[in-house]
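Coordinates from data-v4.txt are shown below (compact mmCIF, C-alpha atoms).
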```txt
# COMPACT_ATOMS: atom_id res chain seq x y z
CA MET N 1498 -59.01 -46.02 13.75
CA LYS N 1499 -58.57 -49.70 14.34
CA LYS N 1500 -59.43 -51.81 11.31
CA ILE N 1501 -58.24 -55.20 12.53
CA TYR N 1502 -60.81 -57.61 13.96
CA GLY N 1503 -60.34 -60.95 15.65
CA SER N 1504 -62.61 -63.11 13.52
CA ALA N 1505 -64.88 -63.04 10.48
CA GLN N 1506 -67.90 -63.02 12.80
CA GLU N 1507 -66.59 -59.98 14.69
CA ALA N 1508 -65.68 -58.19 11.48
CA LEU N 1509 -69.23 -58.58 10.16
CA ASP N 1510 -70.90 -57.60 13.45
CA GLY N 1511 -73.55 -54.95 12.87
CA LEU N 1512 -73.16 -54.99 9.10
CA LEU N 1513 -75.52 -57.79 8.06
CA PHE N 1514 -79.26 -57.45 7.44
CA ASP N 1515 -81.86 -59.45 5.52
CA GLY N 1516 -82.33 -58.36 1.91
CA MET N 1517 -78.92 -56.71 1.66
CA PHE N 1518 -76.76 -56.36 -1.46
CA ILE N 1519 -73.23 -57.76 -1.26
CA ALA N 1520 -70.34 -57.63 -3.76
CA ALA N 1521 -67.93 -60.55 -3.47
CA GLY N 1522 -64.48 -60.88 -5.01
CA GLY N 1523 -63.10 -64.03 -6.60
CA PHE N 1524 -63.04 -65.85 -9.92
CA GLY N 1525 -64.28 -69.43 -9.71
CA LEU N 1526 -62.87 -70.58 -6.37
CA CYS N 1527 -59.72 -68.48 -6.78
CA GLY N 1528 -59.40 -65.52 -4.42
CA ILE N 1529 -62.85 -65.90 -2.86
CA PRO N 1530 -63.56 -64.53 0.65
CA GLU N 1531 -64.14 -68.00 2.02
CA LEU N 1532 -63.96 -67.07 5.73
CA LEU N 1533 -66.46 -64.20 5.40
CA LEU N 1534 -68.84 -66.35 3.36
CA ALA N 1535 -68.75 -69.01 6.08
CA ALA N 1536 -69.49 -66.33 8.71
CA ILE N 1537 -72.46 -65.04 6.68
CA LYS N 1538 -73.75 -68.60 6.54
CA ASP N 1539 -73.45 -68.88 10.33
CA ALA N 1540 -75.17 -65.50 10.80
CA GLY N 1541 -78.15 -66.81 8.80
CA THR N 1542 -78.74 -63.51 6.98
CA LYS N 1543 -81.44 -64.07 4.34
CA ASP N 1544 -82.67 -62.77 0.95
CA LEU N 1545 -79.18 -61.76 -0.10
CA THR N 1546 -78.37 -60.35 -3.52
CA PHE N 1547 -74.80 -61.06 -4.60
CA ALA N 1548 -72.80 -59.36 -7.32
CA SER N 1549 -70.17 -62.02 -7.89
CA ASN N 1550 -68.67 -63.35 -11.11
CA ASN N 1551 -69.46 -66.95 -10.13
CA ALA N 1552 -71.57 -68.78 -7.58
CA GLY N 1553 -69.01 -71.18 -6.16
CA VAL N 1554 -69.51 -74.94 -6.16
CA ASP N 1555 -72.07 -76.89 -4.15
CA ASP N 1556 -70.05 -77.01 -0.94
CA PHE N 1557 -67.63 -74.09 -1.25
CA GLY N 1558 -67.81 -70.37 -1.90
CA ILE N 1559 -71.24 -68.82 -2.38
CA GLY N 1560 -72.50 -72.38 -2.88
CA ILE N 1561 -72.67 -72.82 0.90
CA LEU N 1562 -75.19 -69.96 1.10
CA LEU N 1563 -77.28 -71.53 -1.65
CA GLN N 1564 -77.50 -74.76 0.34
CA THR N 1565 -79.03 -72.81 3.22
CA ARG N 1566 -81.35 -70.79 0.90
CA GLN N 1567 -79.84 -67.47 2.01
CA VAL N 1568 -79.47 -66.10 -1.52
CA LYS N 1569 -82.36 -64.44 -3.35
CA LYS N 1570 -80.54 -63.18 -6.42
CA MET N 1571 -77.20 -63.53 -8.18
CA ILE N 1572 -75.63 -61.04 -10.60
CA SER N 1573 -72.97 -63.14 -12.33
CA SER N 1574 -71.35 -63.90 -15.68
CA TYR N 1575 -70.93 -67.66 -15.33
CA VAL N 1576 -72.57 -70.11 -12.95
CA GLY N 1577 -71.86 -73.42 -14.64
CA GLU N 1578 -70.07 -75.22 -11.84
CA ASN N 1579 -72.89 -75.39 -9.33
CA ALA N 1580 -75.64 -78.04 -9.48
CA GLU N 1581 -77.62 -76.68 -6.52
CA PHE N 1582 -77.58 -73.24 -8.12
CA MET N 1583 -79.06 -74.68 -11.31
CA ARG N 1584 -81.72 -76.59 -9.42
CA GLN N 1585 -82.86 -73.48 -7.51
CA TYR N 1586 -82.72 -71.33 -10.63
CA LEU N 1587 -84.71 -73.73 -12.80
CA SER N 1588 -87.36 -74.14 -10.06
CA GLY N 1589 -87.71 -70.34 -9.77
CA GLU N 1590 -86.41 -70.13 -6.19
CA LEU N 1591 -83.41 -68.04 -7.23
CA GLU N 1592 -83.21 -64.95 -9.43
CA LEU N 1593 -80.32 -64.67 -11.84
CA GLU N 1594 -79.12 -61.63 -13.75
CA PHE N 1595 -76.42 -62.49 -16.26
CA ASN N 1596 -73.87 -59.74 -16.85
CA PRO N 1597 -71.01 -60.06 -19.33
CA GLN N 1598 -67.88 -60.50 -17.23
CA GLY N 1599 -66.25 -57.20 -18.20
CA THR N 1600 -69.52 -55.34 -17.79
CA LEU N 1601 -69.86 -56.74 -14.26
CA ALA N 1602 -66.28 -55.77 -13.38
CA GLU N 1603 -66.74 -52.27 -14.79
CA ARG N 1604 -70.12 -51.84 -13.05
CA MET N 1605 -68.34 -52.48 -9.75
CA ARG N 1606 -65.38 -50.24 -10.59
CA ALA N 1607 -67.65 -47.46 -11.84
CA GLY N 1608 -69.93 -47.67 -8.80
CA GLY N 1609 -66.91 -47.34 -6.53
CA CYS N 1610 -65.64 -44.35 -8.55
CA GLY N 1611 -68.86 -42.36 -8.40
CA ILE N 1612 -69.80 -43.11 -12.00
CA PRO N 1613 -73.51 -44.02 -12.14
CA GLY N 1614 -73.48 -45.29 -15.72
CA PHE N 1615 -71.24 -45.95 -18.69
CA TYR N 1616 -71.67 -46.90 -22.35
CA THR N 1617 -70.20 -50.12 -23.71
CA LYS N 1618 -70.29 -52.03 -26.99
CA THR N 1619 -70.43 -55.32 -25.09
CA GLY N 1620 -73.78 -57.02 -25.63
CA VAL N 1621 -75.10 -54.74 -28.40
CA GLY N 1622 -77.46 -56.79 -30.57
CA THR N 1623 -77.88 -59.49 -27.90
CA VAL N 1624 -80.46 -60.15 -25.17
CA ILE N 1625 -78.18 -58.24 -22.79
CA ALA N 1626 -79.11 -55.02 -24.63
CA ASP N 1627 -82.88 -55.52 -24.28
CA GLY N 1628 -84.49 -52.56 -22.55
CA LYS N 1629 -81.23 -50.63 -22.24
CA GLU N 1630 -80.57 -47.16 -23.64
CA HIS N 1631 -78.67 -47.27 -26.95
CA LYS N 1632 -76.48 -44.40 -28.05
CA ASP N 1633 -74.18 -43.88 -31.04
CA PHE N 1634 -70.68 -42.49 -30.66
CA ASN N 1635 -68.52 -41.99 -33.77
CA GLY N 1636 -70.80 -44.22 -35.83
CA GLN N 1637 -70.79 -47.14 -33.38
CA THR N 1638 -73.66 -48.21 -31.14
CA TYR N 1639 -73.22 -48.59 -27.38
CA ILE N 1640 -75.55 -49.51 -24.51
CA LEU N 1641 -75.87 -47.87 -21.12
CA GLU N 1642 -74.85 -49.98 -18.13
CA HIS N 1643 -75.22 -48.85 -14.52
CA GLY N 1644 -72.58 -48.67 -11.81
CA ILE N 1645 -73.10 -50.94 -8.82
CA VAL N 1646 -72.94 -49.72 -5.23
CA THR N 1647 -73.47 -52.43 -2.63
CA ASP N 1648 -74.29 -52.39 1.08
CA LEU N 1649 -71.20 -54.49 1.75
CA SER N 1650 -68.14 -55.80 -0.06
CA ILE N 1651 -66.39 -58.99 0.99
CA VAL N 1652 -62.92 -59.44 -0.40
CA LYS N 1653 -59.90 -61.74 -0.15
CA ALA N 1654 -56.35 -60.38 -0.38
CA TRP N 1655 -52.95 -61.90 0.28
CA LYS N 1656 -51.52 -59.33 2.70
CA ALA N 1657 -52.78 -56.22 4.42
CA ASP N 1658 -50.97 -53.73 6.60
CA GLU N 1659 -52.71 -52.39 9.69
CA THR N 1660 -54.18 -49.46 7.72
CA GLY N 1661 -55.76 -51.75 5.14
CA ASN N 1662 -53.37 -51.28 2.24
CA LEU N 1663 -53.71 -54.51 0.27
CA VAL N 1664 -51.50 -56.75 -1.82
CA PHE N 1665 -53.01 -59.55 -3.86
CA ARG N 1666 -51.28 -62.65 -5.20
CA LYS N 1667 -51.22 -63.75 -8.87
CA THR N 1668 -54.65 -64.35 -10.46
CA ALA N 1669 -56.34 -64.31 -7.04
CA ARG N 1670 -56.61 -60.53 -7.52
CA ASN N 1671 -59.35 -60.82 -10.19
CA PHE N 1672 -62.66 -59.23 -9.03
CA ASN N 1673 -61.40 -58.34 -5.55
CA PRO N 1674 -60.29 -54.73 -6.18
CA PRO N 1675 -63.44 -53.67 -8.10
CA ALA N 1676 -65.64 -55.51 -5.57
CA ALA N 1677 -63.84 -53.75 -2.70
CA MET N 1678 -64.34 -50.37 -4.36
CA CYS N 1679 -68.11 -50.65 -4.87
CA GLY N 1680 -69.14 -51.41 -1.28
CA LYS N 1681 -70.33 -48.78 1.19
CA ILE N 1682 -68.41 -50.90 3.72
CA CYS N 1683 -65.62 -53.28 2.73
CA VAL N 1684 -64.48 -56.20 4.87
CA VAL N 1685 -61.29 -57.95 3.79
CA GLU N 1686 -59.84 -61.31 4.77
CA VAL N 1687 -56.11 -61.85 4.27
CA GLU N 1688 -53.56 -64.56 4.83
CA GLU N 1689 -51.29 -62.22 6.77
CA ILE N 1690 -51.52 -58.81 8.43
CA VAL N 1691 -48.10 -57.17 8.33
CA PRO N 1692 -46.89 -54.14 10.29
CA THR N 1693 -47.68 -50.76 8.75
CA GLY N 1694 -44.62 -49.59 6.88
CA SER N 1695 -43.44 -53.05 5.85
CA LEU N 1696 -45.19 -53.05 2.46
CA ASP N 1697 -43.49 -51.06 -0.29
CA PRO N 1698 -45.83 -48.09 -0.92
CA ASP N 1699 -45.12 -48.43 -4.64
CA HIS N 1700 -46.37 -52.02 -4.58
CA ILE N 1701 -49.78 -51.53 -2.95
CA HIS N 1702 -52.51 -52.95 -5.24
CA LEU N 1703 -55.46 -51.39 -3.41
CA PRO N 1704 -55.04 -48.47 -1.00
CA GLY N 1705 -56.53 -48.78 2.47
CA ILE N 1706 -59.06 -46.02 1.84
CA TYR N 1707 -61.31 -48.73 0.38
CA VAL N 1708 -60.87 -51.08 3.34
CA HIS N 1709 -62.82 -50.71 6.61
CA ARG N 1710 -62.33 -53.98 8.44
CA ILE N 1711 -59.65 -56.66 8.17
CA ILE N 1712 -59.25 -60.19 9.47
CA ALA N 1713 -56.43 -62.68 9.01
CA GLY N 1714 -57.05 -66.40 8.80
CA THR N 1715 -56.16 -69.74 7.30
CA HIS N 1716 -57.57 -70.37 3.85
CA GLU N 1717 -58.43 -73.69 2.24
CA LYS N 1718 -57.88 -72.21 -1.27
CA ARG N 1719 -59.52 -75.09 -3.09
CA ILE N 1720 -58.45 -75.83 -6.68
CA GLU N 1721 -61.36 -76.22 -9.10
CA GLN N 1722 -59.53 -77.88 -12.00
CA ARG N 1723 -56.14 -79.36 -11.25
CA THR N 1724 -54.29 -79.49 -14.58
CA THR N 1725 -50.63 -80.52 -14.76
CA ARG N 1726 -47.98 -81.81 -17.13
CA LYS N 1727 -45.59 -84.64 -16.42
CA ARG N 1728 -42.00 -83.69 -15.67
CA GLU N 1729 -40.69 -85.86 -18.51
CA ASP N 1730 -42.76 -83.75 -20.97
CA ALA N 1731 -40.44 -80.85 -20.36
CA MET E 1352 -68.43 -97.16 -41.56
CA ALA E 1353 -65.67 -96.64 -44.07
CA GLU E 1354 -66.18 -92.93 -44.61
CA GLN E 1355 -63.04 -91.27 -45.90
CA ILE E 1356 -61.39 -88.86 -43.45
CA LYS E 1357 -61.74 -85.42 -44.95
CA GLY E 1358 -60.44 -82.12 -43.76
CA TRP E 1359 -58.54 -81.12 -40.64
CA ASP E 1360 -58.58 -82.69 -37.20
CA ARG E 1361 -58.56 -80.61 -33.99
CA ASN E 1362 -54.81 -80.14 -33.99
CA GLN E 1363 -54.67 -79.21 -37.67
CA MET E 1364 -57.43 -76.64 -37.11
CA ALA E 1365 -55.43 -75.22 -34.20
CA ALA E 1366 -52.28 -75.12 -36.33
CA ARG E 1367 -54.15 -73.29 -39.10
CA ALA E 1368 -55.53 -70.82 -36.57
CA ALA E 1369 -52.01 -70.20 -35.23
CA GLU E 1370 -51.03 -68.97 -38.70
CA GLU E 1371 -53.42 -66.05 -38.13
CA LEU E 1372 -51.36 -64.70 -35.28
CA GLN E 1373 -48.70 -62.09 -35.97
CA ASP E 1374 -45.43 -61.52 -34.18
CA GLY E 1375 -45.88 -59.25 -31.17
CA TRP E 1376 -49.61 -59.79 -30.76
CA TYR E 1377 -51.46 -60.02 -27.47
CA VAL E 1378 -54.09 -62.74 -27.90
CA ASN E 1379 -56.94 -64.31 -25.96
CA LEU E 1380 -57.63 -68.01 -26.58
CA GLY E 1381 -60.96 -69.59 -25.69
CA ILE E 1382 -61.58 -73.03 -24.22
CA GLY E 1383 -61.37 -76.20 -26.36
CA ILE E 1384 -59.64 -76.23 -29.75
CA PRO E 1385 -58.58 -72.55 -29.36
CA THR E 1386 -56.48 -73.56 -26.32
CA LEU E 1387 -54.47 -75.89 -28.60
CA VAL E 1388 -53.46 -72.92 -30.77
CA ALA E 1389 -50.79 -72.07 -28.17
CA ASN E 1390 -48.94 -75.26 -29.20
CA TYR E 1391 -48.44 -74.00 -32.78
CA VAL E 1392 -47.25 -70.39 -32.50
CA GLY E 1393 -43.64 -71.43 -33.20
CA ASP E 1394 -41.08 -68.62 -33.12
CA LYS E 1395 -43.65 -65.84 -33.07
CA ASP E 1396 -43.62 -63.60 -30.01
CA ILE E 1397 -47.20 -64.06 -28.80
CA THR E 1398 -48.43 -63.02 -25.35
CA LEU E 1399 -51.51 -64.89 -24.15
CA GLN E 1400 -54.08 -63.06 -22.09
CA SER E 1401 -56.24 -64.83 -19.55
CA GLU E 1402 -59.21 -62.57 -18.85
CA ASN E 1403 -59.29 -63.36 -15.13
CA GLY E 1404 -56.30 -61.04 -14.86
CA MET E 1405 -53.06 -62.13 -16.51
CA LEU E 1406 -50.88 -61.42 -19.51
CA GLY E 1407 -48.15 -63.93 -20.31
CA MET E 1408 -49.87 -67.21 -19.54
CA GLY E 1409 -47.52 -70.19 -19.27
CA PRO E 1410 -48.17 -73.95 -19.64
CA PHE E 1411 -49.75 -76.25 -17.06
CA PRO E 1412 -47.59 -76.69 -13.93
CA PHE E 1413 -45.61 -79.84 -13.22
CA GLU E 1414 -47.38 -82.24 -10.87
CA GLY E 1415 -46.98 -80.94 -7.33
CA ASP E 1416 -46.38 -77.34 -8.44
CA GLU E 1417 -50.06 -76.37 -8.75
CA ASP E 1418 -50.86 -73.01 -7.16
CA PRO E 1419 -54.51 -72.30 -6.24
CA ASP E 1420 -53.81 -68.57 -6.76
CA LEU E 1421 -52.74 -69.13 -10.37
CA ILE E 1422 -55.48 -70.25 -12.74
CA ASN E 1423 -56.67 -69.42 -16.25
CA ALA E 1424 -60.14 -68.31 -17.33
CA GLY E 1425 -61.12 -71.99 -17.63
CA LYS E 1426 -60.23 -72.32 -13.91
CA GLN E 1427 -57.32 -74.65 -14.74
CA THR E 1428 -54.04 -74.41 -12.85
CA ILE E 1429 -51.33 -72.79 -15.02
CA THR E 1430 -47.91 -71.17 -14.64
CA GLU E 1431 -46.39 -67.72 -15.11
CA LEU E 1432 -43.57 -66.66 -17.42
CA GLY E 1433 -40.82 -64.06 -17.11
CA ARG E 1434 -43.02 -61.56 -18.94
CA THR E 1435 -46.14 -62.22 -16.88
CA ALA E 1436 -48.18 -59.33 -15.48
CA TYR E 1437 -51.19 -59.66 -13.18
CA PHE E 1438 -54.08 -57.18 -12.86
CA ASP E 1439 -57.67 -57.01 -11.69
CA SER E 1440 -60.77 -57.94 -13.71
CA ALA E 1441 -61.76 -54.34 -14.44
CA THR E 1442 -58.30 -53.63 -15.87
CA SER E 1443 -58.39 -56.92 -17.78
CA PHE E 1444 -61.63 -56.07 -19.51
CA GLY E 1445 -60.45 -52.51 -19.98
CA MET E 1446 -57.71 -53.83 -22.26
CA ILE E 1447 -60.22 -56.10 -23.99
CA ARG E 1448 -62.92 -53.44 -24.43
CA GLY E 1449 -60.29 -50.87 -25.34
CA GLY E 1450 -59.11 -52.87 -28.34
CA LYS E 1451 -55.62 -53.58 -26.96
CA ILE E 1452 -55.97 -57.34 -27.47
CA ALA E 1453 -55.16 -57.98 -31.14
CA ALA E 1454 -57.24 -61.12 -31.55
CA ALA E 1455 -59.51 -63.60 -29.83
CA ILE E 1456 -59.78 -67.17 -31.06
CA LEU E 1457 -62.89 -68.87 -29.79
CA GLY E 1458 -65.32 -71.69 -30.43
CA ALA E 1459 -68.91 -71.29 -31.61
CA MET E 1460 -72.24 -73.05 -31.85
CA GLU E 1461 -73.29 -71.00 -34.91
CA VAL E 1462 -71.80 -68.29 -37.11
CA ALA E 1463 -73.76 -66.32 -39.70
CA GLU E 1464 -72.68 -64.79 -43.00
CA ASN E 1465 -73.01 -61.28 -41.52
CA GLY E 1466 -70.52 -62.13 -38.77
CA ASP E 1467 -73.09 -62.82 -36.06
CA LEU E 1468 -71.82 -65.26 -33.46
CA ALA E 1469 -73.76 -67.55 -31.11
CA ASN E 1470 -71.80 -69.51 -28.52
CA TRP E 1471 -73.33 -68.99 -25.09
CA MET E 1472 -76.84 -70.37 -24.76
CA ILE E 1473 -79.35 -72.83 -26.14
CA PRO E 1474 -82.90 -71.88 -25.10
CA GLY E 1475 -84.51 -74.59 -22.98
CA LYS E 1476 -81.16 -76.06 -22.08
CA LEU E 1477 -78.91 -75.37 -19.13
CA VAL E 1478 -77.55 -71.83 -19.38
CA LYS E 1479 -74.21 -71.38 -17.68
CA GLY E 1480 -73.54 -67.80 -18.73
CA MET E 1481 -71.55 -65.84 -21.27
CA GLY E 1482 -68.53 -65.30 -19.04
CA GLY E 1483 -66.24 -62.92 -20.89
CA ALA E 1484 -67.22 -63.94 -24.43
CA MET E 1485 -69.50 -60.95 -25.14
CA ASP E 1486 -66.81 -58.51 -23.98
CA LEU E 1487 -64.13 -60.24 -26.03
CA VAL E 1488 -66.03 -60.34 -29.34
CA ALA E 1489 -67.13 -56.73 -28.93
CA GLY E 1490 -63.72 -55.43 -27.99
CA VAL E 1491 -60.75 -57.22 -29.54
CA GLY E 1492 -59.18 -56.31 -32.86
CA ARG E 1493 -59.94 -59.51 -34.72
CA VAL E 1494 -62.38 -62.34 -33.91
CA ILE E 1495 -61.45 -65.75 -35.29
CA VAL E 1496 -63.86 -68.63 -34.79
CA VAL E 1497 -62.55 -72.20 -34.75
CA MET E 1498 -65.23 -74.89 -34.82
CA ASP E 1499 -66.53 -77.98 -36.60
CA HIS E 1500 -68.25 -77.02 -39.83
CA THR E 1501 -71.35 -79.10 -39.07
CA ASN E 1502 -73.13 -80.26 -35.90
CA LYS E 1503 -73.49 -83.88 -34.83
CA HIS E 1504 -76.57 -84.20 -37.06
CA GLY E 1505 -74.49 -83.13 -40.06
CA GLU E 1506 -76.20 -79.73 -40.31
CA SER E 1507 -74.19 -76.64 -41.21
CA LYS E 1508 -73.10 -74.38 -38.34
CA VAL E 1509 -72.16 -71.72 -40.90
CA LEU E 1510 -75.55 -70.15 -41.50
CA LYS E 1511 -77.41 -67.39 -43.36
CA SER E 1512 -78.52 -66.17 -39.93
CA CYS E 1513 -78.05 -67.51 -36.42
CA THR E 1514 -80.97 -69.29 -34.77
CA LEU E 1515 -79.50 -69.18 -31.24
CA PRO E 1516 -79.25 -66.08 -29.00
CA LEU E 1517 -76.26 -64.02 -30.08
CA THR E 1518 -72.98 -63.48 -28.29
CA GLY E 1519 -72.16 -60.63 -30.63
CA LYS E 1520 -73.65 -59.00 -33.73
CA GLY E 1521 -71.46 -58.72 -36.83
CA VAL E 1522 -68.31 -59.47 -34.85
CA VAL E 1523 -66.65 -62.43 -36.61
CA ASP E 1524 -63.80 -61.75 -39.07
CA ARG E 1525 -62.66 -65.27 -40.00
CA ILE E 1526 -64.01 -68.80 -39.57
CA ILE E 1527 -61.70 -71.83 -39.44
CA THR E 1528 -63.45 -75.20 -39.54
CA ASN E 1529 -62.47 -78.79 -40.23
CA LEU E 1530 -63.39 -78.13 -43.87
CA GLY E 1531 -61.66 -74.83 -44.55
CA VAL E 1532 -61.19 -71.13 -43.91
CA LEU E 1533 -63.82 -68.49 -44.66
CA ASP E 1534 -63.83 -64.71 -44.28
CA VAL E 1535 -66.84 -62.56 -43.49
CA VAL E 1536 -67.06 -60.02 -46.33
CA GLU E 1537 -69.66 -57.75 -47.90
CA GLY E 1538 -72.63 -59.89 -48.96
CA GLY E 1539 -71.56 -63.16 -47.36
CA LEU E 1540 -68.56 -65.39 -46.87
CA ARG E 1541 -65.48 -65.69 -49.05
CA ILE E 1542 -63.53 -68.95 -49.23
CA VAL E 1543 -59.92 -68.39 -48.19
CA ALA E 1544 -58.79 -72.02 -48.23
CA CYS E 1545 -60.14 -75.54 -48.35
CA ALA E 1546 -58.89 -78.08 -45.82
CA ASP E 1547 -56.81 -81.08 -46.87
CA ASN E 1548 -58.73 -83.40 -49.22
CA VAL E 1549 -61.75 -81.07 -49.26
CA THR E 1550 -62.90 -79.62 -52.58
CA GLU E 1551 -64.50 -76.22 -52.94
CA ALA E 1552 -67.71 -77.96 -54.00
CA GLU E 1553 -67.72 -80.00 -50.80
CA LEU E 1554 -67.09 -76.89 -48.70
CA ARG E 1555 -69.93 -75.07 -50.44
CA ALA E 1556 -72.27 -78.05 -50.03
CA ALA E 1557 -71.62 -78.15 -46.27
CA THR E 1558 -72.23 -74.40 -45.89
CA GLU E 1559 -75.71 -72.90 -45.57
CA ALA E 1560 -74.38 -69.34 -45.65
CA THR E 1561 -74.05 -67.38 -48.89
CA ILE E 1562 -70.60 -67.78 -50.42
CA VAL E 1563 -69.54 -64.87 -52.61
```

Show me, as structure tokens, the structure contained in the file I just sent.
Amino acid sequence: MKKIYGSAQEALDGLLFDGMFIAAGGFGLCGIPELLLAAIKDAGTKDLTFASNNAGVDDFGIGILLQTRQVKKMISSYVGENAEFMRQYLSGELELEFNPQGTLAERMRAGGCGIPGFYTKTGVGTVIADGKEHKDFNGQTYILEHGIVTDLSIVKAWKADETGNLVFRKTARNFNPPAAMCGKICVVEVEEIVPTGSLDPDHIHLPGIYVHRIIAGTHEKRIEQRTTRKREDA
Amino acid sequence: MAEQIKGWDRNQMAARAAEELQDGWYVNLGIGIPTLVANYVGDKDITLQSENGMLGMGPFPFEGDEDPDLINAGKQTITELGRTAYFDSATSFGMIRGGKIAAAILGAMEVAENGDLANWMIPGKLVKGMGGAMDLVAGVGRVIVVMDHTNKHGESKVLKSCTLPLTGKGVVDRIITNLGVLDVVEGGLRIVACADNVTEAELRAATEATIV
């Protein structure tokens, strides 16, 4: 089965519908599926719910879908870098569900692994625990969190082979593997598609079973906070 | 204003916090003063975790060497070391939740005498999110808070009970402030050390929490 598509628009053809639930990889602006997000903006799909650790910045990442009012709800751990997000949230136009970062990652992983719920200590005694089942194990209290299964996952990897085996690069891996796992369909954008057999099978980060469609393209890869030291400091 | 400088500055607080770290530990440092702790670990073999998916975090890159695929949890460009390992966010928080990270050093808005910690939201103000803070304080071996002892109005941030929404309940082990070091123990806080030029009486006077 052919997984390679010619463009982000082609790769998303037939998958988008209003009100859908999408998991997106990335941490801040690092490792975000920027080409697929741009194609969703162009498609104009509305009332989207995103499970994504962050919401991009005003003009990059999920931020571009906030500008066009395509997002109904975000499930995120940190949204501090986006002024338009805050404006829409404070005016009630946008729903926001805060999840602790590790809880969000595990909800995606669990959903993709067929685990509908798991107990965690994270958030016990905080507002995050309100309304959730509490259960004691070995004298410690845990809360029940639910696995996430989304209609679609959009993910950024470094390299894919033609069967969808993926390799990520440095900290751009972040939420991409768990996001890929939790989608009923997963579309991946990469910097390079390499011939099947050219990746070391021992060095595959995410096996192609999780990957349904692949595109290659040029990425802007914007840096959010450029921090450096001077060479003479060394 | 000719007020005498008392206690530790940011770097001295970071240096004191670095004394908490033991050889061989895997540690997560928060943003702000906790980040400075890395400058004071000396000869100890400490591996820094960045919860976005990295163990073995190096210093900032030289100008021109920035890599958009290599950032820390504060979204700053950083570098890797020979020992560096990368992994996904679920694995990263697995090692946090699973107690593999020996300690987290993080800032706080309020800490209470029962170890409650508040550092993620002020009701009515802009809420950015808890990020990984709730997972860290619930999961790591030891939680060390580094913060100013009082707020900008001079009010104690070391309280009988937190007024702000909690990040974690009963999670703090040790508090390092500009005025001294306190441990969370049965019945309240115990003074471990006073900062330079700070008397125990001054530390007590600046602390709302019960000192036992």

**OP:** Tell me the residues of chain N close to chain E, meaning within 7 Å using only C-alpha atoms, as a count of residues only.
**Re:** 41

**OP:** Show which residues sit within 9 Å of Ile1537 in chain N, as a ChimeraX atom specification. Count only C-alpha atoms, and ignore same-chain residues fewer than 5 positions away.
**Re:** /N:1505-1506,1509,1513,1532,1542,1562

If you take every atom of range 1533-1545 of chain E that the file lists and fit an axis-aligned box around them with 6 Å extra on each side, what centre and edge lengths come out in Å to one decimal, as AutoDock Vina command-line options?
```
--center_x -65.7 --center_y -66.6 --center_z -46.4 --size_x 25.8 --size_y 29.8 --size_z 17.7
```

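By chain and then residue number, the residues within 10 Å of Ile1382 in chain E are E:Pro1385, E:Thr1386, E:Leu1387, E:Ala1424, E:Gly1425, E:Ile1456, E:Leu1457, E:Gly1458, counting all atoms listed in the file and disregarding those fewer than 3 positions away in sequence.
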
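Of note, CA of Leu1399 in chain E and CA of Ala1365 in chain E are spaced 14.9 Å apart.
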
Subject >> Atom-to-atom span, CA of Asn1579 in chain N and CA of Arg1361 in chain E, Å >> reply: 29.0 Å

**OP:** Write out as JSON, numbers by chain each polymer residue whose atoms come within 9 Å of Lys1511 in chain E, counting only C-alpha atoms; drop sequence neighbours fewer than 6 positions from it.
**Re:** {"E": [1462, 1463, 1464, 1465, 1539, 1559, 1560, 1561]}

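Of note, CA of Glu1531 in chain N and CA of Ala1552 in chain N are spaced 12.2 Å apart.
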
Subject >> range 1523-1534 of chain E surroundings by all atoms listed in the file, 8 Å radius, close-in-sequence under 5 positions cut, as a PyMOL selection string >> reply: chain E and resi 1357-1361+1364+1367-1368+1462+1466-1468+1488+1493-1500+1540-1547+1549+1554

Original post:
Contacts of Glu1461 in chain E at 8 Å or less, counting all atoms listed in the file, minus same-chain residues fewer than 5 places along, as a PyMOL selection string?
Top reply: chain E and resi 1468-1470+1508-1510+1513-1515

Kindly reconstruct range 1458-1462 of chain E with N, CA, C and O atoms and present the result as a PDB file, in the frame of the given file.
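Produced file part-v5.pdb, reproduced below:
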```pdb
ATOM      1  N   GLY E1458     -64.409 -70.716 -29.828  1.00  0.00           N
ATOM      2  CA  GLY E1458     -65.320 -71.690 -30.430  1.00  0.00           C
ATOM      3  C   GLY E1458     -66.692 -71.075 -30.640  1.00  0.00           C
ATOM      4  O   GLY E1458     -66.967 -69.962 -30.209  1.00  0.00           O
ATOM      5  N   ALA E1459     -67.568 -71.811 -31.356  1.00  0.00           N
ATOM      6  CA  ALA E1459     -68.910 -71.290 -31.610  1.00  0.00           C
ATOM      7  C   ALA E1459     -69.895 -72.423 -31.810  1.00  0.00           C
ATOM      8  O   ALA E1459     -69.529 -73.529 -32.206  1.00  0.00           O
ATOM      9  N   MET E1460     -71.147 -72.133 -31.510  1.00  0.00           N
ATOM     10  CA  MET E1460     -72.240 -73.050 -31.850  1.00  0.00           C
ATOM     11  C   MET E1460     -72.739 -72.739 -33.259  1.00  0.00           C
ATOM     12  O   MET E1460     -73.019 -73.639 -34.036  1.00  0.00           O
ATOM     13  N   GLU E1461     -72.845 -71.444 -33.577  1.00  0.00           N
ATOM     14  CA  GLU E1461     -73.290 -71.000 -34.910  1.00  0.00           C
ATOM     15  C   GLU E1461     -72.564 -69.701 -35.281  1.00  0.00           C
ATOM     16  O   GLU E1461     -72.317 -68.861 -34.424  1.00  0.00           O
ATOM     17  N   VAL E1462     -72.289 -69.564 -36.573  1.00  0.00           N
ATOM     18  CA  VAL E1462     -71.800 -68.290 -37.110  1.00  0.00           C
ATOM     19  C   VAL E1462     -72.642 -67.980 -38.345  1.00  0.00           C
ATOM     20  O   VAL E1462     -72.995 -68.886 -39.106  1.00  0.00           O
TER      21      VAL E1462
END
```
